[in-house]
Amino acid sequence: MRLGIFFGLALLLAGLTTPSIASTINGRIMTGGYAARETLADIADGQSRNDSAVFSSRLFLQATEVGQSKVEYTADVRDKHDFFEKLDRERLELTPQNTFQMRQISARQPRLGADLYFEAGRFAIPDAGAVFVDGAEFGHHWTSSWKSSLFAGLNPKRLERSDLVFDRNSSVAGTYSVYQPRAQDWDRNTYWANAFVLQRRDANLDRVYWFHRFIYQWSQECQVSGAVFWDFVPRSYIQSGNMSWQQKWTERFSTDIVGTVIDVIEYSHRQGVLERLTPSPYKEAETTLRQKVGADTLMEYRAAYGVRQYDGLTKAEGAVGPTFLKLFDPHFTAQFLIGMRRDFGTQDRFFKMGVGYYSQLWELSLRQELEVQKQSDSSLLHPVVTEVTAARYFSNALFMTVSMERANNENVNIWSGFFKLGYRFGTEKIAPLREGTPQRGPL
């Protein structure tokens, strides 16, 4: 049944590609899986294992400039089979559960008349904090740089779930405004977005928030940016936010300064694989100084400080290491980092390494982390995290990624891995494959 829906949508939107109906169509099919095996040294609640396994598929299709009115149609369909998702209370074990969802299915009219635009269906609104709506949006372009919108409908997103569901008892409404000048140099950019959103559940006001995002870039390597969710209901506080300042001072020196505030949910997403603390709201400030010491070599100096709200535990970290943008030849890159950390009650010394190989057909990477952790009772743990990833491009359209990770210390041993197979298609031209190394992110 669900496979039929996947192929039915593919045939439906593929039919829109005839020259008399549509000008362009693009899409992709993704399938893959993830599995993890966690073995505990000490038995907890009669169990020494904590395994997980998920298989998922996705079909994304978009047809633009359909018909004389130039309507855009988008469909994003996903299916996830979690082998340990559903609790079987009689046997007291987790059993498989399948989740099928329409992540997006919408029709958009980008130019309704001279200055208006309209969208209906299920869709996300990035300029309003990526809020999801089962309803409609109606907006107006005041100038070429300024637009505003009103939207309303049912709310398919629940805080406790990652998937979307139809819920007639939840609603969402709001407004946003975006300012983004068009006539700027390629290395200059200005963007401001403000949104006010109300969410109701069972006729009660569940959440009210103001969302603000800004970007100001005045040269290729100099910009400030940030985003904030300021909630007013059920109480007034900053639920999450971040601000960064990137500055190139000279040809040799540049800095990054980042401040972050996150809630419990985002904390759980960012937790290290071996961390066992209960998720908590968290604030952190981090700064990085980069020094160019050669044509393709940088030295990085990092410092960070963070505090958990629930228990007041703090983290302080300092690290230094080189980055080789081209190691041996343009296909290889490497990054090394050594440092010390007071990590929420432990005293750590760590070494991190990342090595990558990139060509038109292959992307290979190895990441290694070694630590010595001194616990509050003076005992020592020796966490080791090793990750190997390989991506193969069979063509511009067909690609596959496989990754394996092992994380272990004296208390736990975790093996995990995933694979992903993707295929891109459509009438739009696909970008050529990259030859050489991309810009490296932080370890």
# chains A, B, ... in the order shown; residues from 1 in each chain; ligands from 1
>>> residues_around(residues="A:Gly139", least_positions_apart="4", cutoff="10 Å", atoms="only C-alpha atoms", output="count of residues only")
16
>>> select_by_dssp(residues="stretch 143-322 of chain A", states="alpha helix (DSSP H)", output="number ranges by chain")
A: 264-270
>>> select_by_dssp(residues="stretch 78-249 of chain A", states="strand (DSSP E or B)", output="PyMOL selection string")
chain A and resi 78-88+93-112+116-125+131-141+146-154+157+164+170-179+189-201+204-219+222-233+237-248
>>> atom_distance(atom1="atom CA of A:Phe123", atom2="atom CA of A:Pro156")
9.8 Å
>>> atom_distance(atom1="atom CA of A:Asp82", atom2="atom CA of A:Ala53")
6.1 Å
>>> closest_residue(among="A:Asn194, A:Asn396, A:Gln335, A:Ser379", to="A:Val320", atoms="only C-alpha atoms")
A:Gln335
>>> residues_around(residues="A:Cys222", least_positions_apart="3", cutoff="12 Å", atoms="only C-alpha atoms", output="list in words")
Asp187, Arg188, Asn189, Ile215, Tyr216, Gln217, Trp218, Ser219, Ser225, Ser244, Trp245, Gln246, Gln247, Lys248, Trp249, Thr250, Ser254, Thr255, Asp256 and Ile257 of chain A
>>> decode(residues="stretch 142-157 of chain A", atoms="all heavy atoms", output="compact mmCIF listing (two decimals), in the first residue's frame")
# COMPACT_ATOMS: atom_id res chain seq x y z
N TRP A 142 5.93 43.77 -0.40
CA TRP A 142 5.78 45.21 -0.35
C TRP A 142 6.76 45.89 -1.30
O TRP A 142 6.41 46.87 -1.96
CB TRP A 142 6.01 45.70 1.07
CG TRP A 142 5.09 45.05 2.07
CD1 TRP A 142 5.39 44.03 2.92
CD2 TRP A 142 3.72 45.37 2.30
NE1 TRP A 142 4.30 43.68 3.67
CE2 TRP A 142 3.25 44.49 3.32
CE3 TRP A 142 2.83 46.30 1.77
CZ2 TRP A 142 1.95 44.51 3.80
CZ3 TRP A 142 1.53 46.33 2.25
CH2 TRP A 142 1.10 45.46 3.25
N THR A 143 7.97 45.38 -1.34
CA THR A 143 8.98 45.84 -2.29
C THR A 143 9.75 44.60 -2.75
O THR A 143 9.46 43.47 -2.32
CB THR A 143 9.96 46.84 -1.64
OG1 THR A 143 10.76 46.16 -0.66
CG2 THR A 143 9.22 48.00 -0.98
N SER A 144 10.76 44.79 -3.58
CA SER A 144 11.58 43.66 -4.01
C SER A 144 12.41 43.08 -2.87
O SER A 144 12.91 41.96 -2.96
CB SER A 144 12.50 44.09 -5.15
OG SER A 144 13.38 45.12 -4.72
N SER A 145 12.54 43.82 -1.76
CA SER A 145 13.36 43.39 -0.63
C SER A 145 12.56 43.02 0.61
O SER A 145 13.12 42.48 1.56
CB SER A 145 14.36 44.49 -0.26
OG SER A 145 15.16 44.88 -1.34
N TRP A 146 11.26 43.31 0.63
CA TRP A 146 10.48 43.18 1.86
C TRP A 146 9.17 42.47 1.57
O TRP A 146 8.45 42.83 0.64
CB TRP A 146 10.22 44.57 2.46
CG TRP A 146 9.39 44.56 3.70
CD1 TRP A 146 9.34 43.59 4.65
CD2 TRP A 146 8.47 45.58 4.11
NE1 TRP A 146 8.46 43.94 5.65
CE2 TRP A 146 7.90 45.16 5.34
CE3 TRP A 146 8.08 46.81 3.57
CZ2 TRP A 146 6.96 45.91 6.02
CZ3 TRP A 146 7.15 47.56 4.25
CH2 TRP A 146 6.60 47.11 5.47
N LYS A 147 8.88 41.42 2.37
CA LYS A 147 7.62 40.70 2.24
C LYS A 147 7.08 40.37 3.63
O LYS A 147 7.83 40.28 4.61
CB LYS A 147 7.79 39.41 1.44
CG LYS A 147 8.65 38.36 2.12
CD LYS A 147 8.73 37.08 1.30
CE LYS A 147 9.57 36.01 2.00
NZ LYS A 147 9.64 34.75 1.22
N SER A 148 5.77 40.18 3.71
CA SER A 148 5.09 39.81 4.95
C SER A 148 4.05 38.75 4.64
O SER A 148 3.57 38.64 3.50
CB SER A 148 4.44 41.01 5.62
OG SER A 148 5.39 42.00 5.94
N SER A 149 3.66 37.99 5.68
CA SER A 149 2.74 36.88 5.45
C SER A 149 1.90 36.61 6.69
O SER A 149 2.32 36.88 7.83
CB SER A 149 3.51 35.61 5.08
OG SER A 149 2.67 34.49 5.01
N LEU A 150 0.70 36.06 6.46
CA LEU A 150 -0.17 35.51 7.49
C LEU A 150 -0.39 34.04 7.18
O LEU A 150 -0.53 33.67 6.01
CB LEU A 150 -1.51 36.23 7.53
CG LEU A 150 -1.50 37.72 7.90
CD1 LEU A 150 -2.88 38.32 7.65
CD2 LEU A 150 -1.10 37.91 9.36
N PHE A 151 -0.41 33.19 8.21
CA PHE A 151 -0.66 31.76 7.98
C PHE A 151 -1.48 31.20 9.14
O PHE A 151 -1.46 31.71 10.26
CB PHE A 151 0.66 30.99 7.84
CG PHE A 151 1.58 31.09 9.04
CD1 PHE A 151 1.49 30.21 10.09
CD2 PHE A 151 2.55 32.09 9.08
CE1 PHE A 151 2.34 30.30 11.18
CE2 PHE A 151 3.40 32.21 10.17
CZ PHE A 151 3.30 31.30 11.22
N ALA A 152 -2.21 30.12 8.85
CA ALA A 152 -3.05 29.49 9.87
C ALA A 152 -3.43 28.10 9.41
O ALA A 152 -3.44 27.80 8.21
CB ALA A 152 -4.31 30.32 10.14
N GLY A 153 -3.75 27.23 10.37
CA GLY A 153 -4.19 25.87 10.06
C GLY A 153 -4.02 24.97 11.26
O GLY A 153 -3.82 25.44 12.39
N LEU A 154 -4.09 23.68 11.03
CA LEU A 154 -3.82 22.70 12.07
C LEU A 154 -2.32 22.54 12.25
O LEU A 154 -1.54 22.80 11.34
CB LEU A 154 -4.47 21.37 11.72
CG LEU A 154 -5.99 21.37 11.56
CD1 LEU A 154 -6.50 19.98 11.19
CD2 LEU A 154 -6.67 21.87 12.82
N ASN A 155 -1.93 22.10 13.44
CA ASN A 155 -0.51 21.92 13.76
C ASN A 155 -0.18 20.43 13.76
O ASN A 155 -0.57 19.70 14.67
CB ASN A 155 -0.21 22.53 15.13
CG ASN A 155 1.26 22.44 15.49
OD1 ASN A 155 2.09 22.08 14.65
ND2 ASN A 155 1.60 22.77 16.72
N PRO A 156 0.58 19.94 12.75
CA PRO A 156 0.89 18.51 12.69
C PRO A 156 2.10 18.11 13.52
O PRO A 156 2.40 16.92 13.62
CB PRO A 156 1.17 18.29 11.20
CG PRO A 156 1.76 19.59 10.76
CD PRO A 156 1.07 20.66 11.57
N LYS A 157 2.81 19.08 14.11
CA LYS A 157 4.05 18.78 14.83
C LYS A 157 3.80 18.76 16.33
O LYS A 157 3.27 19.70 16.91
CB LYS A 157 5.12 19.83 14.52
CG LYS A 157 6.48 19.52 15.12
CD LYS A 157 7.12 18.37 14.39
CE LYS A 157 8.55 18.14 14.89
NZ LYS A 157 8.62 17.57 16.25
